[in-house]
Every structure is written in C-alpha cells, then in structure tokens.
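Data block below; observations after.
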Amino acid sequence: MLFGLDGVELGLIIVFLCLFAGILSGFPVAFAIGGSAVISFAIVAALDSGGYLIHQGIDKSTAEYAALIAEGIKADSISVFRFPELPRFAEPVFSQGWEVALDRNVSFIVNRMNERVLAGQSIETLLAVLMFVMMGITLERSKIADDLLTTMSRVFGPLPGGLAVSVVVVGAFLAASTGIVGATVVTMGLLSLPTMLRNGYSPALATGVIAASGTLGQIIPPSIVIVLLGTLAGDIYSAAQESRAIAAGCTDALTYLGEPAVVSVGTLFQAALLPGILLALLYAIYAFVYALFNPLKAPAVVFAESASGNVVTRNEGLTWFVLAPVGLIAGVMLLGNVGLIGSQSVLVDSYSDAGQNASLRTNVGDECADAMIELHGQEAWDLAITQQSEIDDAGGVEVAHQFTDEERQALVAEKVANAPLIGTGLAIAALMLGLVLTTARGVMPTADPRPLLIGAAGVLGVLLVDVLFIGPLASPGLTTVLIVIPLLVAAYGLRDAVKRLATNELLRVVFPPLVLIVAVLGSILGGITNPTPAAALGAGGAIMLAAYRKLRDQDRSGKIILMGTAAVMLMLIVGVNFDMRLGQENVAVEDYIAFLVAFSAFLFAIFSMGYALWVLFSGGVLSPVVRETAKVTSMVFTILIGSQMLNLVVISFGGEHYIQQFLRSFDNEWKVFFVVMLVLFVLGFVLDFLEIIYIVIPIVGPVIYGGTMDPKWVTIMIAVNLQTSFLTPPFGFALFYLRGVAPPEVTTGHIYRGVLPFVLIQVGGLILLTLFPGVVTIVPNLIN
C-alpha cells in the first residue's frame with residue numbers, strides 16, 4: 001500500500017487534487033473539470049497498473065463475516081469502518097482492469113449526457129435555468145435595478161441605516177429576478193457602494209450588507225441553485241428511498257413511507273420562500289439596529305423628492321394605504337366564509353369517487369411490517385389495520401362507477417341550489433379593481449374624486465349584476481354580455497386611477513417588476529404550472545419591461561408594449577372562462593367568438609413581443625443580454641457534463657461506495673448530516689455551487705436523502721449552508737466579486753469585518769432552521 005493508504009483513498013486524493021489544480025490553474029472552470037477527470041483517471045490507471053493502488057476489501061468467505069450475517073446484520077451495513085477487525089484481502093482498485101473501467105465510463109458518459117443534457121426527463125426543468133438567467137440579465141442591463149435602488153433609497157433613506165435597508169430590499173428583488181450570486185453582488189456593488197460611501201456610511205457596513213444581500217440569490221426563489229439542486233435531489237431522493245424500502249423488506253418506497261418518494265422543484269420553491277424572506281428580514285434588522293448604536297457610521301439620508309406635487313398627510317395615508325385595503329380584503333374573506341362568495345361551477349365528474357384506502361398498506365410481510373411500525377409508530381399502524389379491517393368488512397374498496405343521467409342531473413341540481421351568490425372570479429377581479437382605486441385615491445387625495453367614485457360604482461355594478469342576473473348555469477358568453485356595461489363604467493375610473501398611480505415614483509418603479517416576480521412565483525407556488533413555463537413568462541415579461549423602460553428613456557410612446565401586456569391578460573382570461581376546444585362535435589357560437597378574440601390577442605401579443613425585441617436590439621441592449629445568457633447557460637451545461645465525467649471516474653474505482661460506507665458508519669443520521677454540511681461548507685471556499693451540486697451531492701446524496709429527514713428541509717439547509725460559505729472570509733466567492741468592483745479606498749479588511757456579522761446571522765439562520773424545521777415545511781404543507 002502506497003504511503004500506508006488504501007488504494008481507493010489514494011484515488012480520491014488524486015481526483016480532488018487534480019480538480020483543485022485545474023480550478024486554480026486559471027483555465028475556464030467548465031473545461032477544467034472535464035480535463036481533471038481525464039487526467040485523474042489516467043494517473044489512477046497508471047498507478048493501478050503498476051501495482052501501487054491496492055484496496056483492502058472485506059473477505060466475505062471467512063467465518064467472522066458469516067457470523068455477522070447470522071446475527072441479522074445486513075450485508076450492506078458491513079464495512080471496514082464499522083468492523084475494522086474483519087479479515088481482508090488485497091485487490092487492485094480496478095478489479096477487471098482499467099481498460100474495462102474506461103469502456104464502462106465512456107458508455108456511461110454517453111448515456112448520462114443523453115439523460116441529463118440532450119433528451120432526459122430533467123431537460124425541461126433545466127431549460128428554466130436558461131430563461132431565469134435571461135430574465136435576470138435583462139432586468140439588470142435595462143437599468144431597472146438602478147431605478148429600484150434610487151427609489152428605495154428615497155423611501156428608506158431618512159431612517160437610521162436606511163440606505164443599508166434599501167440595499168437589502170433591492171438585493172432581495174434582484175435575487176428573486178436573477179438568482180445569480182455574482183451578478184447581484186457586482187450590480188449592487190457598482191450601484192450602491194459609491195452612494196453609501198459618499199453619504200458617510202462605514203465601508204465595513206456598506207460592503208457587508210452588499211455582499212450578504214447579493215447571496216440571497218442562493219435561496220430566494222426562483223433561484224437557479226434550487227432549480228439545479230432540486231432537479232438532482234428529486235432523482236437521488238427517489239432512488240435512495242426505494243433502496244431504503246427494499247432494505248427494510250418492503251416492495252417499494254410507497255408501501256414503506258405511505259406516500260410517494262417525490263420532491264419537485266416547485267415544492268422546493270415553496271419551501272425556500274419563507275427562509276429567504278426571513279434572512280432578508282434579519283439583514284435589514286441588523287442594519288437598522290447597527291445604525292441606532294452607530295449613527296455616525298450609518299446616518300439617515302434625505303434625498304430630493306421627485307416632483308410629483310402630491311402631499312399625503314399621515315391620516316390620509318393610513319386611511320387609503322392601510323385601512324381601505326385591509327377592509328376590502330377582510331370583507332371579501334368574510335363573505336367567502338359565510339358562503340356568499342365561492343365557486344359557482346356546476347361541473348360534475350362522469351364517475352363517482354373511488355373509496356379511500358387505509359392510511360398505510362398493511363398487506364405486507366412481517367419484516368416490512370416491523371420496519372413500518374418502527375418508522376410510523378404503533379398507533380399509526382394500528383389505525384391502518386383498523387381502517388383496512390373496516391374496508392374488508394364492507395366488501396373492499398368502493399370502485400368508481402359511471403353516473404347515470406339521472407344521477408348527474410341530481411348532482412347538478414344540488415350544486416345549483418347550494419351555489420353562492422357571487423362567483424370567485426368576479427369577486428377577486430372586483431377586489432383587485434377596488435385596491436387599484438383606493439390606492440389611486442391615496443396617491444392623490446386632493447384630486448377630484450368623482451372619476452374614482454364612478455369606477456367604484458362600476459365595480460359594485462359588476463357584483464350586483466352577478467347577484468341579480470348571473471346564475472350558476474349562465475354561460476360565459478351571457479356573463480360577458482351582462483357585465484360589459486358596468487365593466488366599461490369601472491374602466492372609466494380605472495383609467496384615471498392608472499394615471500394617478502403613474503405619478504407616484506415608488507409605484508411606477510417597484511410595481512412592474514414586483515408584478516412580474518409575483519406572476520412567476522405565484523404560478524409555481526400555486527401549482528398552476530411548473531418552473532419552465534413560469535421561467536418563460538418571466539423572460540418574456542422582463543423583455544417587455546426592458547423595452548418599455550427603453551422607450552421611456554427615448555421619450556417615445558410605450559403604448560404598444562402596454563397593449564401587448566393587456567393582450568396577454570385578455571388571452572388568459574378568455575382561455576380560462578371559455579372552452580377553446582373547437583374540435584368537438586358541438587361547439588357553441590360564443591366559444592367560436594372567444595377563440596377568435598383569444599387568437600387575435602395572441603397575434604397582437606406576438607407582434608408586441610417582436611416590437612419589444614426590436615426596441616432592445618436597436619437600443620444596444622438585446623445583443624449583450626443574449627451573449628451573456630448564452631455564456632452563463634453554456635457554462636452551466638458544460639460544467640454538468642464535466643462533473644458527470646468526474647463522478648464516473650470516482651465511481652469506476654469504488655470511491656463513491658467507499659465514501660458512502662464511511663458516512664453510514666456513523667449510524668446516527670444527524671451526525672452524518674452535520675459531517676456532510678461541514679464538508680460542503682469547506683468545499684464552498686474553493687468550489688462554486690455548480691461544481692458542488694454536480695460533483696459532491698451525487699456522492700453524498702444517497703446517504704443524506706436516504707434517511708428519515710424531510711428532503712425539502714435537507715435541500716434548503718444545503719442551499720443556506722452554501723450561501724453562508726460564499727460569505728465567509730477569507731475565501732467566500734461573494735467577497736471576491738465585491739473586491740473586484742470596490743473602489744481603492746475600500747480595503748479587503750473592510751470587507752471581511754463588514755461581512756462577519758452577516759455570517760453569524762447566516763449561522764443563526766441555520767440553527768433556527770435546525771431547531772424549527774417547520775419554517776421550511778409550513779408553506780408547502782399549507783399550499784399542498
């Protein structure tokens with residue numbers, strides 16, 4: 001044995017030394033990883049051929065090994081780490097020769113590239129990376145981030161530490177739109193650092209809050225880290241739980257766990273939302289408290305107000321910005337609770353519901369039953385036994401049957417009789433219009449209120465028409481005809497309201513990107529669509545926003561962009577409320593008309609998107625956006641391919657199995673998890689998140705995702721841990737990004753001192769998530 005080390009241990013050392021050398025060589029990381037895989041395999045193969053790499057494996061033919069098996073210890077649990085006294089035998093790390101290993105690796109690489117890069121199931125999700133990157137870069141290059149920072153500085157500047165708080169707010173905005181740590185840190189450093197220094201802020205606080213806010217892109221959805229990590233974690237968790245179930249004596253994970261072993265990117269977005277907001281809130285609170293105790297290092301700054309000419313008193317602001325919106329929302333919720341607002345749908349399924357199975361499958365072997373009792377508890381098992389007994393006594397699970405015409409008519413009549421007076425869709429639309437009108441009143445409280453009152457009358461008219469004339473059986477076409485007049489009246493007031501809102505700088509700057517982010521996240525978190533279509537919506541919306549911003553800078557009309565946005569909304573509304581399936585045998589006239597309206601809106605939306613692209617191209621914005629998007633996306637996929645090659649090298653000489661055996665030797669899964677988290681934290685100093693996700697997680701993932709821990713919690717903990725690592729001196733990536741754009745008077749010492757409190761906040765956040773995992777799981781549980 002060379003240096004007294006096992007051959008597999010030496011092989012792992014060689015692989016990681018080659019990887020670090022390749023990264024530190026200055027060669028592009030995306031290609032350095034693939035190159036280090038080739039070089040490390042060649043070195044390991046040469047040493048193995050020379051007889052220098054000898055692996056000491058457990059001799060399974062001995063009496064000692066047979067005695068352990070006789071005691072009921074599973075073969076997978078027997079390793080050199082648990083039972084170092086077992087007899088061993090020496091063998092090469094490539095038991096069948098390096099030539100066979102090379103042949104297998106080449107075959108695996110082709111298959112992995114096909115699965116992960118060309119035509120696998122995860123490709124659709126990975127396409128979201130491209131569009132999220134484009135969304136973020138478009139918002140950054142179109143100077144929308146500049147407007148956000150300027151506006152937030154005016155809002156929070158007069159507060160102690162207000163500039164630092166505004167940086168946190170804008171950093172959270174950019175994190176939700178870009179999801180790229182480097183881009184956010186560089187953007188915030190260029191935009192806000194000179195302003196903060198010029199207004200007397202401490203260089204340490206200024207650089208610390210910028211670096212910390214920039215790393216929020218790791219955790220606040222839609223985060224590219226979570227998209228990539230979630231795509232991989234879903235596969236690992238499913239496979240690990242299947243192996244766990246089989247080891248427990250059960251047939252599959254569904255039987256053993258009582259639920260599918262599935263975790264999706266959308267669910268991880270839901271899980272990351274609250275921790276991300278919590279961290280941003282902790283950053284802002286620290287900045288505010290720091291300013292209270294050190295007012296000279298974080299002074300309040302009053303910027304010149306924009307010339308809107310509107311003065312809003314405290315009472316007026318309280319009335320129209322707080323009391324009126326809260327009253328409207330509370331009123332709608334109250335009417336919903338008493339049954340006056342709700343779904344008026346009378347659709348009835350063709351088949352009845354099937355009977356419900358027991359909470360757990362009980363028709364299993366004794367070994368599986370014991371394992372399920374240990375996992376779920378005796379009480380849950382007894383409940384499942386009772387449920388299954390009642391089902392058997394009733395003749396088995398009730399099978400779904402097709403309803404007869406009479407049964408369907410009876411069910412429809414029952415729904416009609418119990419239908420609420422106001423439909424959910426019209427109630428929500430009226431609420432949104434009401435919020436716009438009240439906010440417009442608050443923006444210009446001294447202006448003529450009559451247009452807004454007319455608009456409010458139109459909104460009430462819509463609800464009144466719904467109560468008096470629109471029943472559950474009314475067709476969408478009849479509903480549209482009945483509400484068109486009150487809608488036009490409401491539109492009159494809405495037009496005046498939009499003009500008033502446009503005079504408020506905060507609403508004009510913050511509202512459009514906020515709506516875009518809410519639309520993207522809302523469609524994912526609400527289960528309306530998966531991340532890929534949502535990312536396409538985000539990229540398209542960012543292009544429209546950037547084009548409108550460009551047209552305003554050039555003093556040109558942005559009506560085509562606004563009309564295109566309205567066309568998209570019209571298309572969605574018509575598509576939801578009318579039946580667009582024209583291939584059916586009987587199609588109503590109103591559905592033909594709705595199809596023509598929706599198709600016309602679609603054509604105009606495409607035209608406006610083309611116009612937006614032309615505006616950005618002619619303005620010199622589109623070309624750098626496309627180039628940067630292509631660069632980042634190609635880097636991601638090249639790293640994916642290279643990391644797969646490196647993983648296969650580790651697998652080929654048994655390195656992956658060796659590491660997993662070491663981790664499983666701890667027995668306690670919490671110890672294993674903390675060891676993995678510590679390793680990831682240290683690797684975060686020298687590896688970017690892409691390398692960690694695609695090189696390290698596939699090796700340690702089967703262990704940490706194969707236990708009892710919630711996969712959502714595990715994934716979010718990994719993301720927050722990497723975020724902490726990227727902040728920690730002296731190697732944090734965020735610090736290098738900031739150092740590159742900081743002025744000469746800001747030293748590296750300033751950056752290190754400034755970021756340390758935020759590292760402690762991150763550690764506190766990790767402890768909080770460990771003690772209260774419900775912070776991660778509460779949102780997915782509520783939504784699902």
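Residues are referred to by chain and number: the chain letter is A, B, ... according to the order shown in the structure tokens, the number counts from 1 in that chain, and ligands are numbered separately from 1 in the order shown.
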Exercise: Ser345 in chain A partners within 8 Å, only C-alpha atoms, chain neighbours under 3 positions left out, as a list in words:
Lys415, Ala419 and Pro472 of chain A
Write the selection just made, keeping N, CA and C atoms, as a compact mmCIF listing (two decimals), in the first residue's frame?
# COMPACT_ATOMS: atom_id res chain seq x y z
N LYS A 415 -75.78 21.26 -6.80
CA LYS A 415 -74.77 22.32 -6.87
C LYS A 415 -75.41 23.68 -7.15
N ALA A 419 -75.16 26.94 -4.70
CA ALA A 419 -74.17 27.87 -5.26
C ALA A 419 -74.22 29.22 -4.54
N PRO A 472 -75.56 30.11 -11.61
CA PRO A 472 -74.54 29.08 -11.85
C PRO A 472 -74.61 28.47 -13.25
Can you list, as a ChimeraX atom specification, every residue of range 35-67 of chain A that DSSP puts in alpha helix (DSSP H)?
/A:35-49,63-67
Neighbour list for range 80-88 of chain A as a list of chain:residue names, cut-off 7 Å, only C-alpha atoms, skip fewer than 2 positions in-chain
A:Gln56, A:Gly57, A:Ile58, A:Asp59, A:Glu64, A:Ile78, A:Ala90, A:Phe662, A:Ser665
In Å, how far is it from CA of Ile778 in chain A to CA of Ala271 in chain A?
7.6 Å
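With only C-alpha atoms as the atoms that count, the minimum distance from Tyr201 in chain A to the choices A:Ala601, A:Leu279, A:Leu163, A:Leu323 is reached by A:Leu163.
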For Glu590 in chain A, please output as a PyMOL selection string all residues within 7 Å (counting only C-alpha atoms; exclusion window: fewer than 3 positions along the same chain).
chain A and resi 477+593-594
Those residues with C-alpha atoms, as an mmCIF file, in the first residue's frame please?
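Produced file result14.cif, reproduced below:
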data_model
loop_
_atom_site.group_PDB
_atom_site.id
_atom_site.type_symbol
_atom_site.label_atom_id
_atom_site.label_comp_id
_atom_site.auth_asym_id
_atom_site.auth_seq_id
_atom_site.Cartn_x
_atom_site.Cartn_y
_atom_site.Cartn_z
ATOM 1 C CA GLY A 477 -70.925 34.454 -23.194
ATOM 2 C CA ILE A 593 -66.150 34.137 -30.883
ATOM 3 C CA ALA A 594 -63.999 33.623 -27.762
#
Pick out the residues sitting within 12 Å of Thr532 in chain A, and hand them over as a list in words; count only C-alpha atoms, and ignore anything fewer than 5 positions along from it in its own chain.
Ser122, Ile123, Glu124, Thr125, Leu126, Leu127, Ala128, Val129, Leu130, Met131, Phe132, Pro222, Ile224, Val227, Val265, Gly266, Val520, Leu521, Ser523, Ile524, Leu537, Gly538 and Ala539 of chain A
Got a sec: who's within 12 Å of Leu411 in chain A, counting only C-alpha atoms, leaving out chain neighbours fewer than 3 positions off, as a list in words?
Ser345, Val346, Leu347, Val348, Asp349, Ser350, Tyr351, Ser352, Phe403, Thr404, Asp405, Glu406, Glu407, Arg408, Glu414, Lys415, Val416, Ala417 and Asn418 of chain A
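In terms of minimum interatomic distance to Ile639 in chain A, A:Ile692 ranks closest within A:Met569, A:Ile692, A:Leu616, A:Leu278, counting only C-alpha atoms.
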So which residues touch Phe578 in chain A within 12 Å, counting only C-alpha atoms, skipping near sequence neighbours fewer than 6 positions away, as a list in words?
Ser475, Pro476, Gly477, Leu478, Thr479, Thr480, Leu570, Met571, Leu572, Val587, Ala588, Val589, Glu590, Asp591, Tyr592, Ile593, Ala594, Phe595, Leu596, Val597 and Ala598 of chain A
